[in-house]
$ cat upload00.json   # JSON, C-alpha atoms
[["chain", "number", "residue", "atom", "x", "y", "z"],
["A", 53, "MET", "CA", 132.36, 10.43, -130.35],
["A", 54, "THR", "CA", 133.80, 9.34, -127.01],
["A", 55, "PHE", "CA", 134.95, 12.93, -126.47],
["A", 56, "TYR", "CA", 131.45, 14.24, -127.24],
["A", 57, "ARG", "CA", 129.72, 11.76, -124.93],
["A", 58, "THR", "CA", 132.12, 12.53, -122.08],
["A", 59, "VAL", "CA", 131.76, 16.31, -122.38],
["A", 60, "ARG", "CA", 127.97, 16.04, -122.79],
["A", 61, "SER", "CA", 127.62, 13.89, -119.68],
["A", 62, "ILE", "CA", 129.67, 16.27, -117.54],
["A", 63, "VAL", "CA", 127.96, 19.44, -118.80],
["A", 64, "LEU", "CA", 124.42, 18.09, -118.52],
["A", 65, "ALA", "CA", 125.05, 16.68, -115.05],
["A", 66, "LEU", "CA", 126.26, 20.11, -113.89],
["A", 67, "CYS", "CA", 123.31, 21.86, -115.55],
["A", 68, "ARG", "CA", 120.84, 19.48, -113.95],
["A", 69, "VAL", "CA", 122.23, 20.26, -110.50],
["A", 70, "LEU", "CA", 122.77, 24.00, -110.94],
["A", 71, "PHE", "CA", 119.66, 24.84, -112.93],
["A", 72, "ARG", "CA", 117.30, 22.02, -111.91],
["A", 73, "VAL", "CA", 116.60, 21.32, -115.58],
["A", 74, "ARG", "CA", 113.20, 19.79, -116.27],
["A", 75, "VAL", "CA", 112.71, 18.10, -119.66],
["A", 76, "THR", "CA", 109.36, 17.08, -121.17],
["A", 77, "GLY", "CA", 108.50, 15.60, -124.54],
["A", 78, "LYS", "CA", 111.61, 13.47, -125.17],
["A", 79, "ALA", "CA", 109.37, 10.81, -126.73],
["A", 80, "ASN", "CA", 108.83, 13.21, -129.64],
["A", 81, "VAL", "CA", 112.47, 12.93, -130.74],
["A", 82, "PRO", "CA", 113.17, 10.36, -133.49],
["A", 83, "LYS", "CA", 115.45, 7.60, -132.21],
["A", 84, "VAL", "CA", 117.06, 6.98, -135.61],
["A", 85, "GLY", "CA", 117.67, 8.94, -138.76],
["A", 86, "ALA", "CA", 118.32, 12.61, -139.32],
["A", 87, "TYR", "CA", 116.11, 15.48, -138.26],
["A", 88, "ILE", "CA", 116.39, 19.22, -137.74],
["A", 89, "LEU", "CA", 116.31, 20.46, -134.16],
["A", 90, "ALA", "CA", 114.80, 23.96, -133.97],
["A", 91, "PRO", "CA", 115.44, 25.50, -130.52],
["A", 92, "THR", "CA", 114.47, 28.90, -129.19],
["A", 93, "HIS", "CA", 117.48, 31.14, -128.65],
["A", 94, "ARG", "CA", 117.85, 33.40, -125.63],
["A", 95, "SER", "CA", 121.27, 32.44, -124.27],
["A", 96, "LEU", "CA", 124.67, 30.93, -125.10],
["A", 97, "MET", "CA", 123.53, 28.03, -122.91],
["A", 98, "ASP", "CA", 120.82, 26.99, -125.37],
["A", 99, "ILE", "CA", 122.93, 24.45, -127.28],
["A", 100, "PRO", "CA", 123.83, 22.51, -124.08],
["A", 101, "PHE", "CA", 120.20, 22.63, -122.97],
["A", 102, "ALA", "CA", 119.03, 21.46, -126.40],
["A", 103, "THR", "CA", 121.25, 18.37, -126.10],
["A", 104, "TYR", "CA", 119.00, 17.09, -123.32],
["A", 105, "SER", "CA", 116.74, 16.00, -126.19],
["A", 106, "THR", "CA", 119.01, 13.17, -127.36],
["A", 107, "LYS", "CA", 122.23, 11.32, -126.52],
["A", 108, "ARG", "CA", 123.22, 11.47, -130.18],
["A", 109, "ARG", "CA", 125.65, 14.17, -131.26],
["A", 110, "ILE", "CA", 123.89, 17.26, -132.56],
["A", 111, "ARG", "CA", 125.56, 19.27, -135.31],
["A", 112, "PHE", "CA", 125.15, 23.03, -134.95],
["A", 113, "MET", "CA", 126.27, 26.35, -136.42],
["A", 114, "ALA", "CA", 128.57, 28.67, -134.46],
["A", 115, "LYS", "CA", 129.75, 32.11, -135.49],
["A", 116, "GLN", "CA", 132.87, 31.86, -137.59],
["A", 117, "GLU", "CA", 134.89, 34.18, -135.34],
["A", 118, "LEU", "CA", 135.06, 31.40, -132.75],
["A", 119, "PHE", "CA", 136.88, 29.14, -135.20],
["A", 120, "LYS", "CA", 139.81, 31.57, -135.56],
["A", 121, "LYS", "CA", 141.25, 30.27, -132.29],
["A", 122, "PRO", "CA", 142.79, 26.83, -132.95],
["A", 123, "LEU", "CA", 142.02, 25.22, -129.59],
["A", 124, "LEU", "CA", 138.46, 26.56, -129.49],
["A", 125, "ALA", "CA", 137.94, 25.54, -133.12],
["A", 126, "LYS", "CA", 139.05, 21.98, -132.30],
["A", 127, "LEU", "CA", 136.74, 21.86, -129.28],
["A", 128, "LEU", "CA", 133.72, 23.18, -131.19],
["A", 129, "THR", "CA", 134.32, 20.80, -134.08],
["A", 130, "GLY", "CA", 134.56, 17.85, -131.70],
["A", 131, "LEU", "CA", 131.27, 18.87, -130.12],
["A", 132, "GLY", "CA", 129.54, 19.04, -133.50],
["A", 133, "GLY", "CA", 129.95, 22.70, -134.43],
["A", 134, "PHE", "CA", 130.67, 24.21, -137.82],
["A", 135, "PRO", "CA", 131.18, 27.89, -138.74],
["A", 136, "VAL", "CA", 128.58, 30.31, -140.08],
["A", 137, "ASP", "CA", 128.87, 33.94, -141.19],
["A", 138, "ARG", "CA", 125.95, 35.48, -139.33],
["A", 139, "GLY", "CA", 126.23, 38.75, -141.24],
["A", 140, "SER", "CA", 125.07, 37.26, -144.54],
["A", 141, "ALA", "CA", 123.07, 34.47, -146.11],
["A", 142, "ASP", "CA", 125.83, 31.91, -145.61],
["A", 143, "ARG", "CA", 125.25, 29.34, -148.34],
["A", 144, "ALA", "CA", 128.37, 27.40, -147.33],
["A", 145, "ALA", "CA", 126.97, 26.86, -143.83],
["A", 146, "LEU", "CA", 123.63, 25.74, -145.29],
["A", 147, "ARG", "CA", 125.45, 23.29, -147.56],
["A", 148, "THR", "CA", 127.34, 21.94, -144.55],
["A", 149, "ALA", "CA", 124.08, 21.58, -142.63],
["A", 150, "GLN", "CA", 122.52, 19.79, -145.57],
["A", 151, "ALA", "CA", 125.49, 17.42, -145.77],
["A", 152, "CYS", "CA", 125.15, 16.66, -142.04],
["A", 153, "ILE", "CA", 121.45, 15.89, -142.45],
["A", 154, "GLU", "CA", 122.00, 13.76, -145.54],
["A", 155, "GLY", "CA", 124.67, 11.91, -143.55],
["A", 156, "GLY", "CA", 122.02, 10.94, -141.00],
["A", 157, "GLU", "CA", 123.03, 13.38, -138.25],
["A", 158, "PRO", "CA", 120.61, 15.45, -136.13],
["A", 159, "THR", "CA", 121.33, 19.09, -136.91],
["A", 160, "ALA", "CA", 120.28, 22.16, -134.91],
["A", 161, "LEU", "CA", 119.21, 25.39, -136.60],
["A", 162, "PHE", "CA", 118.01, 28.35, -134.57],
["A", 163, "PRO", "CA", 115.02, 29.63, -136.58],
["A", 164, "GLU", "CA", 115.36, 33.11, -135.03],
["A", 165, "GLY", "CA", 118.93, 33.24, -136.36],
["A", 166, "THR", "CA", 120.55, 34.84, -133.32],
["A", 167, "ARG", "CA", 119.96, 35.43, -129.62],
["A", 168, "LEU", "CA", 116.92, 37.57, -128.93],
["A", 169, "THR", "CA", 115.16, 38.64, -125.76],
["A", 170, "GLY", "CA", 111.68, 38.49, -124.31],
["A", 171, "PRO", "CA", 108.74, 36.05, -124.28],
["A", 172, "THR", "CA", 107.70, 36.59, -127.92],
["A", 173, "LEU", "CA", 109.70, 34.83, -130.61],
["A", 174, "GLY", "CA", 111.20, 36.99, -133.33],
["A", 175, "GLU", "CA", 110.77, 36.70, -137.07],
["A", 176, "PHE", "CA", 111.86, 33.29, -138.31],
["A", 177, "PHE", "CA", 114.41, 32.60, -141.01],
["A", 178, "ASP", "CA", 113.46, 30.03, -143.65],
["A", 179, "GLY", "CA", 116.58, 27.85, -143.40],
["A", 180, "ALA", "CA", 115.09, 25.10, -141.23],
["A", 181, "ALA", "CA", 111.99, 24.73, -143.41],
["A", 182, "TYR", "CA", 114.00, 24.86, -146.63],
["A", 183, "LEU", "CA", 116.39, 22.12, -145.50],
["A", 184, "ALA", "CA", 113.56, 19.99, -144.10],
["A", 185, "ILE", "CA", 111.74, 20.06, -147.44],
["A", 186, "LYS", "CA", 114.96, 19.69, -149.43],
["A", 187, "THR", "CA", 116.12, 16.62, -147.48],
["A", 188, "GLY", "CA", 112.73, 15.19, -146.47],
["A", 189, "VAL", "CA", 113.42, 15.14, -142.72],
["A", 190, "PRO", "CA", 111.17, 16.44, -139.91],
["A", 191, "ILE", "CA", 111.75, 19.49, -137.77],
["A", 192, "VAL", "CA", 111.65, 18.92, -134.00],
["A", 193, "PRO", "CA", 110.81, 22.18, -132.16],
["A", 194, "VAL", "CA", 112.53, 22.66, -128.80],
["A", 195, "ALA", "CA", 111.60, 25.46, -126.40],
["A", 196, "ILE", "CA", 114.02, 26.41, -123.64],
["A", 197, "GLY", "CA", 112.43, 28.41, -120.85],
["A", 198, "GLY", "CA", 114.59, 30.31, -118.38],
["A", 199, "SER", "CA", 117.90, 30.38, -120.26],
["A", 200, "GLU", "CA", 117.68, 34.15, -120.68],
["A", 201, "GLN", "CA", 117.05, 34.54, -116.97],
["A", 202, "ILE", "CA", 120.17, 32.57, -116.04],
["A", 203, "LEU", "CA", 122.53, 33.96, -118.69],
["A", 204, "ALA", "CA", 121.27, 36.81, -120.85],
["A", 205, "SER", "CA", 123.31, 38.35, -123.66],
["A", 206, "GLY", "CA", 126.14, 40.47, -122.23],
["A", 207, "ASN", "CA", 126.34, 38.60, -118.92],
["A", 208, "VAL", "CA", 129.32, 36.45, -117.97],
["A", 209, "LEU", "CA", 128.27, 34.52, -114.85],
["A", 210, "PRO", "CA", 125.02, 32.55, -114.85],
["A", 211, "LYS", "CA", 122.36, 32.88, -112.17],
["A", 212, "LEU", "CA", 121.19, 29.73, -110.42],
["A", 213, "ARG", "CA", 117.58, 29.53, -111.55],
["A", 214, "ARG", "CA", 115.36, 26.81, -112.99],
["A", 215, "VAL", "CA", 115.37, 25.95, -116.68],
["A", 216, "ALA", "CA", 112.71, 23.96, -118.51],
["A", 217, "VAL", "CA", 113.04, 22.25, -121.88],
["A", 218, "VAL", "CA", 109.86, 21.35, -123.76],
["A", 219, "ILE", "CA", 110.14, 19.25, -126.93],
["A", 220, "GLY", "CA", 107.25, 19.37, -129.37],
["A", 221, "GLU", "CA", 105.92, 16.88, -131.90],
["A", 222, "PRO", "CA", 107.89, 16.61, -135.13],
["A", 223, "ILE", "CA", 106.74, 18.75, -138.05],
["A", 224, "PHE", "CA", 106.99, 16.75, -141.26],
["A", 225, "PRO", "CA", 107.67, 18.41, -144.60],
["A", 226, "PRO", "CA", 105.32, 18.04, -147.57],
["A", 227, "THR", "CA", 106.20, 15.38, -150.09],
["A", 228, "ARG", "CA", 108.23, 16.60, -153.03],
["A", 229, "ASP", "CA", 108.62, 15.01, -156.45],
["A", 230, "GLY", "CA", 112.00, 16.43, -157.34],
["A", 231, "GLY", "CA", 112.48, 19.89, -158.79],
["A", 232, "ALA", "CA", 112.99, 23.12, -156.90],
["A", 233, "VAL", "CA", 111.68, 23.63, -153.38],
["A", 234, "LYS", "CA", 108.55, 25.77, -153.63],
["A", 235, "ARG", "CA", 108.60, 29.12, -151.84],
["A", 236, "SER", "CA", 104.97, 28.62, -150.77],
["A", 237, "SER", "CA", 105.88, 25.33, -149.06],
["A", 238, "ILE", "CA", 108.80, 26.96, -147.23],
["A", 239, "THR", "CA", 106.61, 29.84, -146.05],
["A", 240, "ALA", "CA", 103.84, 27.52, -144.85],
["A", 241, "MET", "CA", 106.24, 25.24, -142.96],
["A", 242, "THR", "CA", 108.05, 28.19, -141.37],
["A", 243, "GLU", "CA", 104.72, 29.59, -140.18],
["A", 244, "GLN", "CA", 103.72, 26.20, -138.75],
["A", 245, "LEU", "CA", 107.05, 25.97, -136.94],
["A", 246, "GLN", "CA", 106.72, 29.47, -135.49],
["A", 247, "ASN", "CA", 103.22, 28.81, -134.17],
["A", 248, "SER", "CA", 104.28, 25.50, -132.63],
["A", 249, "LEU", "CA", 107.47, 26.86, -131.08],
["A", 250, "GLN", "CA", 105.77, 29.91, -129.60],
["A", 251, "ALA", "CA", 103.21, 27.69, -127.83],
["A", 252, "LEU", "CA", 106.01, 25.43, -126.58],
["A", 253, "PHE", "CA", 108.04, 28.43, -125.40],
["A", 254, "ASP", "CA", 105.04, 29.72, -123.43],
["A", 255, "GLN", "CA", 104.80, 26.30, -121.77],
["A", 256, "ALA", "CA", 108.54, 26.11, -121.11],
["A", 257, "MET", "CA", 108.52, 29.52, -119.43],
["A", 258, "LYS", "CA", 105.59, 28.40, -117.28],
["A", 259, "ASN", "CA", 107.37, 25.13, -116.36],
["A", 260, "ALA", "CA", 110.44, 27.13, -115.38],
["A", 261, "GLY", "CA", 108.34, 29.32, -113.10],
["A", 262, "TYR", "CA", 108.28, 32.57, -115.11]]
$ encode --input "upload00.json" --output "structure tokens"
Amino acid sequence: MTFYRTVRSIVLALCRVLFRVRVTGKANVPKVGAYILAPTHRSLMDIPFATYSTKRRIRFMAKQELFKKPLLAKLLTGLGGFPVDRGSADRAALRTAQACIEGGEPTALFPEGTRLTGPTLGEFFDGAAYLAIKTGVPIVPVAIGGSEQILASGNVLPKLRRVAVVIGEPIFPPTRDGGAVKRSSITAMTEQLQNSLQALFDQAMKNAGY
């Protein structure tokens, strides 16, 4: 954890200077216990920006190709990453995420699944809602405005522009008395998350000056 805290402090200090990061809504993040962080996804920089929400280590999925390089795999693992096969419904990655949550760790899941572009959020995957209901933890929506403008997909060097992070109120799952997770509950929670995150993303883009 010392490694994580050191790297986080250095990266966030640089981001704050270079991108004038403005964070609102940190009071909405639970101080103890597990939760699912659900950030918007427009850039490779979104995981570092999402970590402004808490000093605790956030577990997150990264494409499995990155873990084929030993040094990079060690770095990603130390920073909280675990591999996911983005080309399929990766049940192993979901089981790992569930284990992280049940172990009390904040875990990030991008509800859009992959990096997209533009001001309108794409279709959401159900993974965040499913795991929230399955484990009984809340989802904390996090909108990151401006990350696409500083480092869009395909670009290598970031542009020095403002970024805004807006953290919304936690979305709590319905109570469940054992048994299978109901599809209707997953659909309803996913829809609630999408509506909340879109409104937060609109605000984050406005705060970032776009």
$ residues_around --input "upload00.json" --residues "A:Ile153" --least-positions-apart "3" --cutoff "10 Å" --atoms "only C-alpha atoms" --output "PyMOL selection string"
chain A and resi 85-88+111+147-150+156-160+183-184+187-189
$ atom_distance --input "upload00.json" --atom1 "atom CA of A:Glu154" --atom2 "atom CA of A:Leu123"
28.0 Å
$ residues_around --input "upload00.json" --residues "stretch 63-71 of chain A" --least-positions-apart "5" --cutoff "8 Å" --atoms "only C-alpha atoms" --output "list of chain:residue names"
A:Pro100, A:Phe101, A:Tyr104, A:Leu212, A:Arg213, A:Arg214, A:Val215
$ residues_around --input "upload00.json" --residues "A:Glu221" --least-positions-apart "3" --cutoff "12 Å" --atoms "only C-alpha atoms" --output "PyMOL selection string"
chain A and resi 76-82+89-90+190-195+218+224+244-245+248-249+251-252
$ atom_distance --input "upload00.json" --atom1 "atom CA of A:Arg235" --atom2 "atom CA of A:Phe177"
12.8 Å
$ atom_distance --input "upload00.json" --atom1 "atom CA of A:Gln246" --atom2 "atom CA of A:Phe176"
7.0 Å
$ closest_residue --input "upload00.json" --among "A:Thr129, A:Thr92, A:Thr103, A:Thr239" --to "A:Leu168" --atoms "all atoms listed in the file"
A:Thr92
$ residues_around --input "upload00.json" --residues "A:Glu175" --least-positions-apart "5" --cutoff "10 Å" --atoms "all atoms listed in the file" --output "list in words"
Pro163, Glu164, Gly165, Thr242, Glu243 and Gln246 of chain A
$ residues_near_point --input "upload00.json" --point "(111.5, 27.3, -117.1)" --cutoff "7 Å" --atoms "all atoms listed in the file" --output "list in words"
Gly197, Gly198, Arg214, Val215, Ala216, Ala256, Met257, Lys258, Asn259, Ala260, Gly261 and Tyr262 of chain A
$ closest_residue --input "upload00.json" --among "A:Ile202, A:Ile219, A:Ile185, A:Ala102" --to "A:Met241" --atoms "only C-alpha atoms"
A:Ile185
$ residues_around --input "upload00.json" --residues "A:Val136" --least-positions-apart "4" --cutoff "10 Å" --atoms "only C-alpha atoms" --output "list in words"
Phe112, Met113, Ala114, Lys115, Gln116, Glu117, Leu118, Phe119, Ser140, Ala141, Asp142, Arg143, Ala144, Ala145, Leu146 and Thr148 of chain A
$ closest_residue --input "upload00.json" --among "A:Val73, A:Ala151, A:Ala180, A:Leu96" --to "A:Gly206" --atoms "all atoms listed in the file"
A:Leu96
$ axis_aligned_box --input "upload00.json" --around "stretch 180-193 of chain A" --padding-each-side "4 Å" --output "lines of an AutoDock Vina configuration file"
center_x = 113.6
center_y = 20.1
center_z = -140.8
size_x = 13.6
size_y = 18.0
size_z = 25.3
